[in-house]
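Heads up, the thing below is written out as structure tokens.
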Amino acid sequence: APFTLVAPAAQFEAKWLGGDAAVPPPTLSFLARCQPKHSLHELRVATNRELASLPQHGSVRHLELDLACSGGSSGGAPCAYATADDLAVCPDNGPALAAKLASRLGLAPAATFALRPRPSAAGGAAPPLPTPCSVEQALRYHADVRAPAPKGLLLMLADACSDGASSARLRHLASPAGKEEYAAHISRDGRGVAELLDDFPSCSPPWSSLLELCPKLTPRYYTISSSPASDPHRAHLTVKVLREPRRGAEA
């Protein structure tokens, strides 16, 4: 019998909350639950200036983070550092992109949900993110909607298309026969959920499945370029800005 590609079975379903339960957690608390191995602090960017003389050929930014205004996720000691420490930055897709995707999915950004295991789920399966939380929090701080879509996600999106040609195209990209096109169209050009939902308007994926199969945002690590001996109240970062426009995209 011919081999048939099948999307991973959904392990969770979303329960939409109302009343007092519909209040999402504070963002720092949500991020702390997403990153339980880190002690999180909310820091003000005190300085952000360009170091390159010709930034159009490669931007390098000097950032200074104000440690004095830090609010720790655990309510403990304020943020402090040692020379050559790494600093992890939690990425944010931004409110505009989150609102756009929520609208595309027919969801209200402020809507609050909890993930519950399906009766058919494998025992002990861990949810993809801590809930309850809001749609906006999931789209801003959890789902890496710009990361190249893995093949399991493509198969789920194919199942969620009402247009046969769109479904066949996504299924082809996930197949062995579409290996080269996947490498060029998805991996090299960096097409993720955000772009694929634009490319395939008939696709209406289940919310819980999207969260399960979408790549997760992970902290970005930077080595602190200052010393607490000279500036104990600010952590300095020297960051190269990498811009790689997708082939064929507008400048």
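Simple scheme: letters A, B, ... for chains in structure tokens order, numbers from 1 for residues in each chain, numbers from 1 for ligands in the order shown.
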Problem - Spatial neighbours of region 171-178 of chain A, 7 Å, only C-alpha atoms, chain gap at least 3 places, as a ChimeraX atom specification - result: /A:151,154-155,158,167-168,181-182
Exercise for the section: Give me the residues within 7 Å of Ser204 (chain A) as an MDAnalysis selection string, counting only C-alpha atoms and dropping any in the same chain fewer than 5 places off. Expected result: chainID A and resid 105 160:161
Could you dump the residues just selected with N, CA and C atoms as a CSV table (one decimal), in the first residue's frame?
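And here is the file that came out, out_13.csv:
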chain,number,residue,atom,x,y,z
A,105,LEU,N,-7.2,34.3,12.3
A,105,LEU,CA,-7.7,33.0,12.9
A,105,LEU,C,-9.1,33.2,13.5
A,160,ALA,N,-6.4,21.5,7.2
A,160,ALA,CA,-7.3,22.6,7.6
A,160,ALA,C,-7.7,23.4,6.4
A,161,CYS,N,-7.3,23.1,5.2
A,161,CYS,CA,-7.6,23.9,4.0
A,161,CYS,C,-8.9,23.4,3.4
Problem - DSSP helix (DSSP H, G or I) selection over region 17-234 of chain A, as a ChimeraX atom specification - result: /A:19-22,27-34,55-57,95-104,135-142,151-159,164-173,176-188,193-199,207-213
Closest atom pairs, residues of region 78-186 of chain A within 12 Å of region 206-217 of chain A, only C-alpha atoms, as a Markdown table:
| residue | atom | partner | partner_atom | distance |
| --- | --- | --- | --- | --- |
| A:Val89 | CA | A:Leu217 | CA | 10.8 |
| A:Cys90 | CA | A:Leu217 | CA | 8.0 |
| A:Pro91 | CA | A:Leu217 | CA | 6.8 |
| A:Asp92 | CA | A:Leu217 | CA | 8.4 |
| A:Asn93 | CA | A:Leu217 | CA | 9.0 |
| A:Leu101 | CA | A:Trp207 | CA | 11.3 |
| A:Ala102 | CA | A:Trp207 | CA | 10.0 |
| A:Arg104 | CA | A:Trp207 | CA | 11.5 |
| A:Leu105 | CA | A:Trp207 | CA | 8.0 |
| A:Gly106 | CA | A:Trp207 | CA | 9.9 |
| A:Leu107 | CA | A:Trp207 | CA | 9.1 |
| A:Phe113 | CA | A:Ser208 | CA | 9.9 |
| A:Ala114 | CA | A:Ser208 | CA | 9.6 |
| A:Leu115 | CA | A:Ser208 | CA | 7.3 |
| A:Arg116 | CA | A:Ser208 | CA | 9.5 |
| A:Pro117 | CA | A:Ser208 | CA | 10.4 |
| A:Arg118 | CA | A:Ser208 | CA | 10.7 |
| A:Ala125 | CA | A:Glu212 | CA | 11.1 |
| A:Ala126 | CA | A:Glu212 | CA | 10.0 |
| A:Pro127 | CA | A:Glu212 | CA | 7.7 |
| A:Pro128 | CA | A:Glu212 | CA | 5.4 |
| A:Leu129 | CA | A:Leu211 | CA | 8.0 |
| A:Pro130 | CA | A:Leu211 | CA | 11.1 |
| A:Thr131 | CA | A:Ser208 | CA | 11.6 |
| A:Val135 | CA | A:Trp207 | CA | 9.4 |
| A:Gln137 | CA | A:Leu211 | CA | 11.8 |
| A:Ala138 | CA | A:Leu211 | CA | 8.0 |
| A:Leu139 | CA | A:Leu211 | CA | 8.8 |
| A:Arg140 | CA | A:Leu217 | CA | 9.0 |
| A:Tyr141 | CA | A:Leu217 | CA | 6.7 |
| A:His142 | CA | A:Leu217 | CA | 5.4 |
| A:Ala143 | CA | A:Lys216 | CA | 4.9 |
| A:Asp144 | CA | A:Leu217 | CA | 4.8 |
| A:Val145 | CA | A:Cys214 | CA | 7.0 |
| A:Arg146 | CA | A:Pro215 | CA | 8.9 |
| A:Ala147 | CA | A:Pro215 | CA | 6.7 |
| A:Pro148 | CA | A:Pro215 | CA | 8.3 |
| A:Ala149 | CA | A:Cys214 | CA | 7.0 |
| A:Pro150 | CA | A:Cys214 | CA | 7.7 |
| A:Lys151 | CA | A:Leu213 | CA | 9.3 |
| A:Gly152 | CA | A:Leu213 | CA | 6.9 |
| A:Leu153 | CA | A:Leu213 | CA | 5.3 |
| A:Leu154 | CA | A:Leu213 | CA | 9.1 |
| A:Leu155 | CA | A:Leu213 | CA | 10.1 |
| A:Met156 | CA | A:Ser209 | CA | 7.7 |
| A:Leu157 | CA | A:Leu210 | CA | 8.5 |
| A:Ala158 | CA | A:Pro206 | CA | 11.8 |
| A:Asp159 | CA | A:Pro206 | CA | 10.1 |
| A:Ala160 | CA | A:Pro206 | CA | 7.7 |
| A:Cys161 | CA | A:Pro206 | CA | 11.0 |
Exercise for the section: Pick out the residues sitting within 6 Å of region 18-27 of chain A, and hand them over as a ChimeraX atom specification; count only C-alpha atoms, and ignore anything fewer than 4 positions along from it in its own chain. Expected result: /A:112,133-134
